[in-house]
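*Asks:* Take a look at entry04.pdb, PDB, C-alpha atoms:
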ATOM      1  CA  MET A   1       0.000   0.000   0.000
ATOM      2  CA  ASN A   2       1.374   3.454  -0.890
ATOM      3  CA  TRP A   3       0.257   7.003  -1.384
ATOM      4  CA  ILE A   4      -0.928   6.284  -4.948
ATOM      5  CA  THR A   5      -3.291   3.574  -3.696
ATOM      6  CA  ASN A   6      -4.358   5.403  -0.561
ATOM      7  CA  TYR A   7      -4.786   8.911  -1.917
ATOM      8  CA  VAL A   8      -4.456   9.377  -5.686
ATOM      9  CA  ARG A   9      -6.781   6.579  -6.840
ATOM     10  CA  PRO A  10      -9.674   7.469  -4.466
ATOM     11  CA  ARG A  11      -9.256  11.119  -5.480
ATOM     12  CA  ILE A  12      -9.498  10.296  -9.185
ATOM     13  CA  ASN A  13     -12.488   8.005  -8.608
ATOM     14  CA  SER A  14     -14.330  10.743  -6.717
ATOM     15  CA  LEU A  15     -13.833  13.158  -9.616
ATOM     16  CA  PHE A  16     -15.015  10.870 -12.393
ATOM     17  CA  SER A  17     -17.506   8.541 -10.739
ATOM     18  CA  ARG A  18     -21.222   8.959 -11.604
ATOM     19  CA  ARG A  19     -23.219  10.916  -9.097
ATOM     20  CA  GLU A  20     -26.178   9.205  -7.521
ATOM     21  CA  ILE A  21     -29.491  10.746  -8.643
ATOM     22  CA  PRO A  22     -32.111  10.824  -5.880
ATOM     23  CA  GLU A  23     -35.093   8.611  -6.734
ATOM     24  CA  ASN A  24     -37.641  11.192  -5.562
ATOM     25  CA  LEU A  25     -36.747  13.663  -8.321
ATOM     26  CA  TRP A  26     -38.999  11.874 -10.812
ATOM     27  CA  SER A  27     -42.510  10.454 -10.678
ATOM     28  CA  LYS A  28     -44.143   8.096 -13.150
ATOM     29  CA  CYS A  29     -47.659   8.847 -14.391
ATOM     30  CA  ASP A  30     -49.979   5.957 -13.548
ATOM     31  CA  ALA A  31     -51.946   6.488 -16.770
ATOM     32  CA  CYS A  32     -49.453   7.157 -19.572
ATOM     33  CA  GLY A  33     -46.164   6.107 -17.944
ATOM     34  CA  THR A  34     -44.434   9.456 -18.583
ATOM     35  CA  MET A  35     -41.583  10.318 -16.205
ATOM     36  CA  LEU A  36     -42.341  13.715 -14.685
ATOM     37  CA  PHE A  37     -39.855  15.999 -12.914
ATOM     38  CA  HIS A  38     -41.032  16.547  -9.340
ATOM     39  CA  ARG A  39     -41.009  20.363  -9.481
ATOM     40  CA  GLU A  40     -42.933  20.401 -12.746
ATOM     41  CA  LEU A  41     -45.467  17.961 -11.306
ATOM     42  CA  LYS A  42     -45.836  19.994  -8.101
ATOM     43  CA  ASP A  43     -46.344  23.239 -10.024
ATOM     44  CA  ASN A  44     -49.095  21.509 -12.010
ATOM     45  CA  LEU A  45     -50.876  20.378  -8.799
ATOM     46  CA  ASN A  46     -49.952  16.695  -9.318
ATOM     47  CA  VAL A  47     -51.657  16.554 -12.707
ATOM     48  CA  CYS A  48     -49.731  14.843 -15.511
ATOM     49  CA  THR A  49     -48.539  17.435 -18.028
ATOM     50  CA  GLN A  50     -48.759  14.892 -20.861
ATOM     51  CA  CYS A  51     -52.149  13.172 -20.475
ATOM     52  CA  GLY A  52     -53.911  15.230 -17.764
ATOM     53  CA  HIS A  53     -54.190  12.299 -15.347
ATOM     54  CA  HIS A  54     -55.000  13.534 -11.820
ATOM     55  CA  MET A  55     -52.684  11.959  -9.255
ATOM     56  CA  ALA A  56     -53.199  12.023  -5.500
ATOM     57  CA  ILE A  57     -52.512  15.291  -3.705
ATOM     58  CA  THR A  58     -52.223  15.863   0.038
ATOM     59  CA  PRO A  59     -54.737  18.085   1.854
ATOM     60  CA  ARG A  60     -51.987  20.591   2.736
ATOM     61  CA  ALA A  61     -50.858  20.899  -0.876
ATOM     62  CA  ARG A  62     -54.492  21.244  -1.944
ATOM     63  CA  PHE A  63     -55.161  23.973   0.628
ATOM     64  CA  ALA A  64     -51.971  25.800  -0.356
ATOM     65  CA  ALA A  65     -53.391  26.092  -3.879
ATOM     66  CA  LEU A  66     -56.962  26.787  -2.729
ATOM     67  CA  PHE A  67     -56.575  29.557  -0.142
ATOM     68  CA  ASP A  68     -55.388  33.064  -0.989
ATOM     69  CA  GLY A  69     -51.597  33.130  -0.755
ATOM     70  CA  GLY A  70     -51.666  29.553   0.534
ATOM     71  CA  VAL A  71     -52.504  30.928   4.004
ATOM     72  CA  PHE A  72     -54.969  29.033   6.212
ATOM     73  CA  SER A  73     -55.589  28.272   9.879
ATOM     74  CA  GLU A  74     -56.162  24.712  11.033
ATOM     75  CA  ILE A  75     -59.275  23.959  13.055
ATOM     76  CA  GLU A  76     -58.707  21.805  16.120
ATOM     77  CA  VAL A  77     -60.542  18.490  16.000
ATOM     78  CA  PRO A  78     -61.475  16.616  19.214
ATOM     79  CA  LEU A  79     -59.531  13.377  19.518
ATOM     80  CA  PRO A  80     -61.629  10.195  19.889
ATOM     81  CA  ALA A  81     -60.713   7.096  21.887
ATOM     82  CA  ALA A  82     -57.478   5.660  20.517
ATOM     83  CA  ASP A  83     -58.521   1.997  20.225
ATOM     84  CA  PRO A  84     -62.134   1.563  21.371
ATOM     85  CA  LEU A  85     -62.497  -2.052  20.171
ATOM     86  CA  HIS A  86     -58.922  -3.216  20.937
ATOM     87  CA  PHE A  87     -58.847  -4.344  17.321
ATOM     88  CA  ARG A  88     -56.045  -6.457  15.938
ATOM     89  CA  ASP A  89     -55.538  -8.054  12.524
ATOM     90  CA  GLN A  90     -51.975  -8.509  11.286
ATOM     91  CA  LYS A  91     -51.084  -5.502  13.458
ATOM     92  CA  LYS A  92     -52.623  -3.757  16.422
ATOM     93  CA  TYR A  93     -54.770  -0.771  15.475
ATOM     94  CA  PRO A  94     -52.621   1.732  17.445
ATOM     95  CA  ASP A  95     -49.547   0.421  15.581
ATOM     96  CA  ARG A  96     -51.265   1.037  12.252
ATOM     97  CA  LEU A  97     -52.176   4.558  13.332
ATOM     98  CA  ARG A  98     -48.614   5.324  14.388
ATOM     99  CA  ALA A  99     -47.256   3.973  11.102
ATOM    100  CA  ALA A 100     -49.694   6.122   9.100
ATOM    101  CA  GLN A 101     -48.846   9.198  11.189
ATOM    102  CA  LYS A 102     -45.133   8.641  10.623
ATOM    103  CA  GLU A 103     -45.584   8.112   6.879
ATOM    104  CA  THR A 104     -47.864  11.109   6.243
ATOM    105  CA  GLY A 105     -46.856  13.503   9.015
ATOM    106  CA  GLU A 106     -50.537  14.033   9.822
ATOM    107  CA  LYS A 107     -52.611  13.203  12.891
ATOM    108  CA  GLU A 108     -55.415  11.544  10.979
ATOM    109  CA  ALA A 109     -57.219  11.139   7.649
ATOM    110  CA  MET A 110     -58.867  14.582   7.479
ATOM    111  CA  LEU A 111     -57.564  18.143   7.671
ATOM    112  CA  VAL A 112     -59.924  21.029   8.467
ATOM    113  CA  ALA A 113     -58.985  24.660   7.914
ATOM    114  CA  THR A 114     -60.404  28.136   7.548
ATOM    115  CA  GLY A 115     -59.226  31.064   5.474
ATOM    116  CA  GLU A 116     -60.078  33.137   2.403
ATOM    117  CA  MET A 117     -60.542  31.912  -1.156
ATOM    118  CA  GLY A 118     -60.770  34.764  -3.641
ATOM    119  CA  ARG A 119     -61.326  37.144  -0.717
ATOM    120  CA  THR A 120     -64.270  34.954   0.327
ATOM    121  CA  PRO A 121     -64.061  33.492   3.866
ATOM    122  CA  ILE A 122     -64.667  29.734   3.829
ATOM    123  CA  VAL A 123     -64.195  26.573   5.869
ATOM    124  CA  ALA A 124     -62.609  23.629   4.051
ATOM    125  CA  ALA A 125     -62.111  19.958   4.914
ATOM    126  CA  ALA A 126     -60.067  17.443   2.920
ATOM    127  CA  GLN A 127     -59.457  13.724   3.311
ATOM    128  CA  ASP A 128     -55.985  12.261   2.955
ATOM    129  CA  PHE A 129     -56.114   8.985   1.030
ATOM    130  CA  SER A 130     -52.517   8.203   1.984
ATOM    131  CA  PHE A 131     -53.614   7.946   5.641
ATOM    132  CA  MET A 132     -55.112   4.444   5.890
ATOM    133  CA  ALA A 133     -56.879   4.968   2.541
ATOM    134  CA  GLY A 134     -58.653   8.036   3.925
ATOM    135  CA  SER A 135     -60.950   5.706   5.813
ATOM    136  CA  MET A 136     -63.832   7.209   7.781
ATOM    137  CA  GLY A 137     -63.380   6.655  11.485
ATOM    138  CA  MET A 138     -64.478   8.582  14.545
ATOM    139  CA  TYR A 139     -61.840  11.255  13.950
ATOM    140  CA  VAL A 140     -63.195  11.981  10.463
ATOM    141  CA  GLY A 141     -66.696  12.242  11.938
ATOM    142  CA  ASN A 142     -65.427  14.662  14.584
ATOM    143  CA  ALA A 143     -63.596  16.653  11.889
ATOM    144  CA  ILE A 144     -66.711  17.132   9.758
ATOM    145  CA  ILE A 145     -68.762  18.150  12.792
ATOM    146  CA  ALA A 146     -66.035  20.624  13.824
ATOM    147  CA  ALA A 147     -65.977  22.021  10.277
ATOM    148  CA  ALA A 148     -69.780  22.393  10.183
ATOM    149  CA  GLU A 149     -69.929  24.025  13.637
ATOM    150  CA  THR A 150     -67.175  26.488  12.661
ATOM    151  CA  ALA A 151     -68.971  27.316   9.411
ATOM    152  CA  VAL A 152     -72.274  27.931  11.230
ATOM    153  CA  ARG A 153     -70.605  29.978  13.975
ATOM    154  CA  HIS A 154     -68.844  32.275  11.494
ATOM    155  CA  LYS A 155     -71.542  32.087   8.779
ATOM    156  CA  ARG A 156     -69.191  30.671   6.179
ATOM    157  CA  PRO A 157     -69.724  28.062   3.439
ATOM    158  CA  LEU A 158     -68.160  24.621   3.828
ATOM    159  CA  ILE A 159     -66.200  23.024   0.997
ATOM    160  CA  LEU A 160     -65.304  19.361   1.450
ATOM    161  CA  PHE A 161     -62.852  17.308  -0.626
ATOM    162  CA  SER A 162     -63.607  13.600  -0.311
ATOM    163  CA  ALA A 163     -61.124  10.786  -0.947
ATOM    164  CA  ALA A 164     -61.727   7.523   0.872
ATOM    165  CA  GLY A 165     -61.852   3.779   0.638
ATOM    166  CA  GLY A 166     -64.929   3.769   2.882
ATOM    167  CA  ALA A 167     -65.458   3.146   6.586
ATOM    168  CA  ARG A 168     -62.568   2.128   8.841
ATOM    169  CA  MET A 169     -62.903  -1.556   9.650
ATOM    170  CA  GLN A 170     -60.744  -1.271  12.789
ATOM    171  CA  GLU A 171     -63.481   0.802  14.432
ATOM    172  CA  GLY A 172     -66.367  -1.438  13.380
ATOM    173  CA  ILE A 173     -69.855  -0.141  14.148
ATOM    174  CA  LEU A 174     -68.373   3.065  15.595
ATOM    175  CA  SER A 175     -67.104   3.887  12.126
ATOM    176  CA  LEU A 176     -70.513   3.266  10.559
ATOM    177  CA  MET A 177     -72.074   5.577  13.165
ATOM    178  CA  GLN A 178     -70.224   8.459  11.505
ATOM    179  CA  MET A 179     -72.629   8.241   8.569
ATOM    180  CA  PRO A 180     -75.648   9.600  10.521
ATOM    181  CA  ARG A 181     -73.408  11.942  12.555
ATOM    182  CA  THR A 182     -72.016  13.611   9.442
ATOM    183  CA  THR A 183     -75.483  13.741   7.889
ATOM    184  CA  VAL A 184     -76.673  15.705  10.941
ATOM    185  CA  ALA A 185     -73.670  18.039  10.517
ATOM    186  CA  VAL A 186     -74.691  18.721   6.908
ATOM    187  CA  GLN A 187     -78.249  19.394   8.082
ATOM    188  CA  MET A 188     -76.876  22.028  10.476
ATOM    189  CA  LEU A 189     -75.504  23.905   7.462
ATOM    190  CA  ARG A 190     -78.822  23.603   5.632
ATOM    191  CA  GLU A 191     -80.772  24.998   8.571
ATOM    192  CA  ALA A 192     -78.308  27.897   8.795
ATOM    193  CA  GLY A 193     -78.759  28.623   5.069
ATOM    194  CA  LEU A 194     -75.070  28.045   4.315
ATOM    195  CA  PRO A 195     -73.723  26.380   1.167
ATOM    196  CA  TYR A 196     -72.179  22.921   1.376
ATOM    197  CA  ILE A 197     -70.056  22.118  -1.688
ATOM    198  CA  VAL A 198     -68.489  18.693  -2.203
ATOM    199  CA  VAL A 199     -65.534  18.000  -4.489
ATOM    200  CA  LEU A 200     -65.240  14.265  -5.051
ATOM    201  CA  THR A 201     -61.725  13.060  -5.838
ATOM    202  CA  HIS A 202     -60.288   9.682  -6.744
ATOM    203  CA  PRO A 203     -61.407   7.440  -5.162
ATOM    204  CA  THR A 204     -64.554   8.132  -3.130
ATOM    205  CA  THR A 205     -66.228   4.884  -2.131
ATOM    206  CA  GLY A 206     -68.180   2.972   0.521
ATOM    207  CA  GLY A 207     -69.851   4.641   3.477
ATOM    208  CA  VAL A 208     -68.347   8.013   2.569
ATOM    209  CA  THR A 209     -70.259   8.003  -0.717
ATOM    210  CA  ALA A 210     -73.363   6.800   1.152
ATOM    211  CA  SER A 211     -73.275   9.799   3.509
ATOM    212  CA  TYR A 212     -71.657  13.244   3.453
ATOM    213  CA  ALA A 213     -69.917  12.937   0.065
ATOM    214  CA  MET A 214     -73.218  12.892  -1.862
ATOM    215  CA  LEU A 215     -75.159  15.474   0.179
ATOM    216  CA  GLY A 216     -73.686  18.651  -1.274
ATOM    217  CA  ASP A 217     -75.717  21.539  -2.613
ATOM    218  CA  VAL A 218     -73.304  21.347  -5.543
ATOM    219  CA  GLN A 219     -71.487  18.120  -6.488
ATOM    220  CA  ILE A 220     -68.198  18.593  -8.356
ATOM    221  CA  SER A 221     -65.664  15.951  -9.284
ATOM    222  CA  GLU A 222     -62.130  15.850 -10.606
ATOM    223  CA  PRO A 223     -61.727  14.091 -13.974
ATOM    224  CA  GLY A 224     -61.502  10.308 -13.935
ATOM    225  CA  ALA A 225     -62.408   9.923 -10.256
ATOM    226  CA  LEU A 226     -63.909   6.609  -9.169
ATOM    227  CA  ILE A 227     -67.114   7.349  -7.238
ATOM    228  CA  CYS A 228     -69.185   4.451  -5.967
ATOM    229  CA  PHE A 229     -70.455   2.464  -2.998
ATOM    230  CA  ALA A 230     -69.331  -1.000  -4.097
ATOM    231  CA  GLY A 231     -66.466  -1.148  -6.581
ATOM    232  CA  PRO A 232     -66.889  -2.330 -10.184
ATOM    233  CA  ARG A 233     -65.065  -5.609  -9.537
ATOM    234  CA  VAL A 234     -67.457  -6.518  -6.708
ATOM    235  CA  ILE A 235     -70.480  -5.661  -8.863
ATOM    236  CA  GLU A 236     -69.196  -7.716 -11.802
ATOM    237  CA  GLN A 237     -68.641 -10.719  -9.537
ATOM    238  CA  THR A 238     -72.137 -10.318  -8.083
ATOM    239  CA  ILE A 239     -74.190  -9.868 -11.256
ATOM    240  CA  ARG A 240     -71.782 -11.879 -13.478
ATOM    241  CA  GLU A 241     -71.936  -9.290 -16.246
ATOM    242  CA  LYS A 242     -69.429  -6.926 -17.817
ATOM    243  CA  LEU A 243     -70.023  -3.325 -16.806
ATOM    244  CA  PRO A 244     -70.132  -0.416 -19.319
ATOM    245  CA  GLU A 245     -66.883   1.337 -20.202
ATOM    246  CA  GLY A 246     -66.023   4.016 -17.631
ATOM    247  CA  PHE A 247     -68.755   2.816 -15.263
ATOM    248  CA  GLN A 248     -68.688   4.688 -11.911
ATOM    249  CA  ARG A 249     -66.148   7.204 -13.189
ATOM    250  CA  ALA A 250     -66.836  10.932 -12.863
ATOM    251  CA  GLU A 251     -67.689  11.478 -16.527
ATOM    252  CA  TYR A 252     -70.179   8.583 -16.534
ATOM    253  CA  LEU A 253     -71.868   9.901 -13.386
ATOM    254  CA  LEU A 254     -72.054  13.427 -14.825
ATOM    255  CA  GLU A 255     -73.755  12.058 -17.944
ATOM    256  CA  HIS A 256     -76.275  10.190 -15.776
ATOM    257  CA  GLY A 257     -77.140  13.137 -13.518
ATOM    258  CA  MET A 258     -75.293  12.279 -10.284
ATOM    259  CA  LEU A 259     -72.809  15.159 -10.578
ATOM    260  CA  ASP A 260     -73.147  18.830 -11.450
ATOM    261  CA  ARG A 261     -69.661  19.405 -12.826
ATOM    262  CA  VAL A 262     -66.416  17.636 -13.690
ATOM    263  CA  THR A 263     -63.652  20.204 -13.345
ATOM    264  CA  PRO A 264     -59.866  19.835 -13.802
ATOM    265  CA  ARG A 265     -57.843  20.572 -10.693
ATOM    266  CA  GLY A 266     -56.166  23.621 -12.222
ATOM    267  CA  ALA A 267     -59.521  25.319 -12.849
ATOM    268  CA  LEU A 268     -61.157  24.230  -9.597
ATOM    269  CA  ARG A 269     -60.248  27.231  -7.442
ATOM    270  CA  GLU A 270     -61.786  29.788  -9.817
ATOM    271  CA  GLU A 271     -64.917  27.690 -10.225
ATOM    272  CA  LEU A 272     -65.311  27.277  -6.461
ATOM    273  CA  ILE A 273     -64.921  31.028  -5.974
ATOM    274  CA  THR A 274     -67.647  31.712  -8.544
ATOM    275  CA  ILE A 275     -70.064  29.115  -7.146
ATOM    276  CA  THR A 276     -69.455  30.064  -3.513
ATOM    277  CA  ARG A 277     -70.017  33.768  -4.065
ATOM    278  CA  MET A 278     -73.123  33.035  -6.121
ATOM    279  CA  LEU A 279     -74.625  30.830  -3.401
ATOM    280  CA  MET A 280     -73.754  33.388  -0.712
ATOM    281  CA  GLY A 281     -75.419  36.189  -2.679
ATOM    282  CA  LEU A 282     -72.142  38.084  -3.088
ATOM    283  CA  PRO A 283     -71.044  40.077  -6.162
ATOM    284  CA  PRO A 284     -68.558  38.445  -8.564
ATOM    285  CA  ALA A 285     -64.977  38.340  -7.341
ATOM    286  CA  ILE A 286     -62.629  41.085  -8.475
ATOM    287  CA  LYS A 287     -59.675  39.728 -10.434
ATOM    288  CA  GLY A 288     -56.265  40.622  -9.080
ATOM    289  CA  ASP A 289     -55.061  41.312  -5.578
ATOM    290  CA  LEU A 290     -56.854  44.620  -4.996
ATOM    291  CA  PRO A 291     -60.205  44.788  -3.179
ATOM    292  CA  ALA A 292     -63.308  45.940  -5.018
ATOM    293  CA  PRO A 293     -63.465  49.733  -5.467
ATOM    294  CA  ALA A 294     -65.729  51.623  -3.088
ATOM    295  CA  PRO A 295     -68.977  52.876  -4.688
ATOM    296  CA  GLU A 296     -69.073  56.548  -5.626
ATOM    297  CA  PRO A 297     -71.095  58.798  -3.263
ATOM    298  CA  SER A 298     -74.556  59.613  -4.584
ATOM    299  CA  GLY A 299     -74.719  62.806  -6.630
ATOM    300  CA  LYS A 300     -71.062  62.637  -7.682
ATOM    301  CA  THR A 301     -69.518  61.241 -10.827
ATOM    302  CA  ALA A 302     -66.054  59.835 -11.310
ATOM    303  CA  GLU A 303     -63.670  62.184 -13.090
TER
END
Show me this structure written as structure tokens.
*Replies:*
Amino acid sequence: MNWITNYVRPRINSLFSRREIPENLWSKCDACGTMLFHRELKDNLNVCTQCGHHMAITPRARFAALFDGGVFSEIEVPLPAADPLHFRDQKKYPDRLRAAQKETGEKEAMLVATGEMGRTPIVAAAQDFSFMAGSMGMYVGNAIIAAAETAVRHKRPLILFSAAGGARMQEGILSLMQMPRTTVAVQMLREAGLPYIVVLTHPTTGGVTASYAMLGDVQISEPGALICFAGPRVIEQTIREKLPEGFQRAEYLLEHGMLDRVTPRGALREELITITRMLMGLPPAIKGDLPAPAPEPSGKTAE
């Protein structure tokens, strides 16, 4: 061993060896297979720039694009019992919760926030499909009730983004009880005369579809979203027939009258501003960052 082996060769190798490229710099589109640079994908709100396929987006990223300047305040949600049924399958339920919290960085499967959207104060709630498939448990029920109570208290509309695999099996009947609880929360908004707008995203299934996700005054969906109670595979196995092309997808449901709109994610904010202000009886939003001009005093004309 000498200085050439110990110093010169490692130095040369470090200069000419290939640099490792981090794997998280690129994402592959599930629909067309295109490799997308992570910054480009993020700037396009996780929508494929080649085919327009809508990929999953976290509630925080969604709210950052929805609220003015990306500024919002989280609404505190009461925490339910951690493991009411002492449920265990391959793992204990608390272990699954901790794993999901570590993976997503969130407390639970729904985020509730308040802020302004196009200078219009709103309350928003969004499910996180990456947290145990966005499943509806007691926390999600508490979150929707907290969102509805905040909206009623401050006289604001509620906009909810659904994304769920259904009820949370680890909470059994307690999970199914969230269906009537959330229905009562929606009724609170109705009695207060406040708009409740639902944006259904991929996928919205099971007990979520059978309760608060289909009770909106206006039902909007992102393109290509699967929206159903039982999935197409289960239905095909039950009736032993091939289902129509695109069955239970957003475009099919729009054609058959179950949705009001199918709107791409990039155009969703402007459409929600328009619909919200219309339902609240407010004038159209002023484009730009300046507030609407004050009306001229009576008897005077603008120079």
*Asks:* Ranking A:Ala113, A:Ala147, A:Cys228, A:Leu41 by minimum distance to Met188 of chain A and counting only C-alpha atoms, which one comes first?
*Replies:*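 Closest to Met188 of chain A of all the choices is A:Ala147.
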*Asks:* Name all residues at most 10 Å from segment 49-61 of chain A (count all atoms listed in the file; drop same-chain ones fewer than 6 positions away) and give them as a VMD selection string.
*Replies:* chain A and resid 29 to 36 40 to 42 70 72 104 106 109 to 113 124 to 131 161 163 201 to 203 222 to 225 264 to 265
*Asks:* So how far away is atom CA of Ile273 of chain A from atom CA of Lys155 of chain A, in Å?
*Replies:*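 Value for the atom CA of Lys155 of chain A-atom CA of Ile273 of chain A distance: 16.2 Å.
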*Asks:* Using atom CA of Ala213 of chain A and atom CA of Leu243 of chain A as the two end points, give the distance in Å to one decimal.
*Replies:* 23.4 Å
*Asks:* Residues within 8 Å of Arg181 of chain A, please, as a list in words. Count all atoms listed in the file; anything in the same chain fewer than 4 positions from it doesn't count.
*Replies:*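 Using all atoms listed in the file, the neighbours found are Gly141, Ile145, Met177 and Ala185 of chain A.
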*Asks:* If we count only C-alpha atoms, what is near Thr183 of chain A at a cut-off of 12 Å, once residues fewer than 3 positions away on the same chain are taken out, given as a list in words?
*Replies:* Gly141, Ile144, Ile145, Ala148, Leu176, Met177, Gln178, Met179, Pro180, Val186, Gln187, Met188, Leu189, Arg190, Tyr196, Gly207, Val208, Thr209, Ala210, Ser211, Tyr212, Ala213, Met214, Leu215 and Gly216 of chain A
*Asks:* When you look at Leu79 of chain A with a cut-off of 9 Å (counting all atoms listed in the file), what residues show up, excluding the ones that are within fewer than 6 positions of it in the same chain? I need them as a list in words.
*Replies:*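 Neighbouring residues, sequence-local ones excluded: Met138, Tyr139 and Asn142 of chain A.
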*Asks:* Tell me, in Å to one decimal, how far atom CA of Met136 of chain A is from atom CA of Glu76 of chain A.
*Replies:* 17.6 Å
*Asks:* Go through A:Met258, A:Ala146, A:Val47, A:Leu272 and flag the residue nearest Pro284 of chain A, using only C-alpha atoms for the distances.
*Replies:*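 Distance minimum relative to Pro284 of chain A lands on A:Leu272.
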*Asks:* Which residues would end up in the selection if the PyMOL selection byres ((chain A and resi 266-270) around 10) were applied here, given that I need the answer as a tab-separated table (two decimals) with C-alpha atoms, keeping the file's coordinate frame?
*Replies:*
chain	number	residue	atom	x	y	z
A	44	ASN	CA	-49.10	21.51	-12.01
A	45	LEU	CA	-50.88	20.38	-8.80
A	46	ASN	CA	-49.95	16.70	-9.32
A	47	VAL	CA	-51.66	16.55	-12.71
A	62	ARG	CA	-54.49	21.24	-1.94
A	65	ALA	CA	-53.39	26.09	-3.88
A	66	LEU	CA	-56.96	26.79	-2.73
A	67	PHE	CA	-56.58	29.56	-0.14
A	68	ASP	CA	-55.39	33.06	-0.99
A	117	MET	CA	-60.54	31.91	-1.16
A	118	GLY	CA	-60.77	34.76	-3.64
A	199	VAL	CA	-65.53	18.00	-4.49
A	220	ILE	CA	-68.20	18.59	-8.36
A	221	SER	CA	-65.66	15.95	-9.28
A	222	GLU	CA	-62.13	15.85	-10.61
A	262	VAL	CA	-66.42	17.64	-13.69
A	263	THR	CA	-63.65	20.20	-13.34
A	264	PRO	CA	-59.87	19.84	-13.80
A	265	ARG	CA	-57.84	20.57	-10.69
A	271	GLU	CA	-64.92	27.69	-10.22
A	272	LEU	CA	-65.31	27.28	-6.46
A	273	ILE	CA	-64.92	31.03	-5.97
A	274	THR	CA	-67.65	31.71	-8.54
A	275	ILE	CA	-70.06	29.12	-7.15
A	276	THR	CA	-69.46	30.06	-3.51
A	285	ALA	CA	-64.98	38.34	-7.34
*Asks:* Taking the point (-70.4, 5.9, -13.7) as given in the file, collect each protein or nucleic acid residue that comes within 10 Å of it, counting all atoms listed in the file, and present the set as a list in words.
*Replies:*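 Residues close enough to count: Gly224, Ala225, Leu226, Ile227, Cys228, Pro232, Leu243, Pro244, Glu245, Gly246, Phe247, Gln248, Arg249, Ala250, Glu251, Tyr252, Leu253, Leu254, Glu255, His256, Gly257 and Met258 of chain A.
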*Asks:* Pull out every residue that the PyMOL selection byres ((chain A and resi 84-92) around 10) matches in the shown coordinates and put them as a list in words.
*Replies:* Pro80, Ala81, Ala82, Asp83, Tyr93, Pro94, Asp95, Arg96, Leu97, Met169, Gln170, Glu171, Gly172, Ile173 and Leu174 of chain A
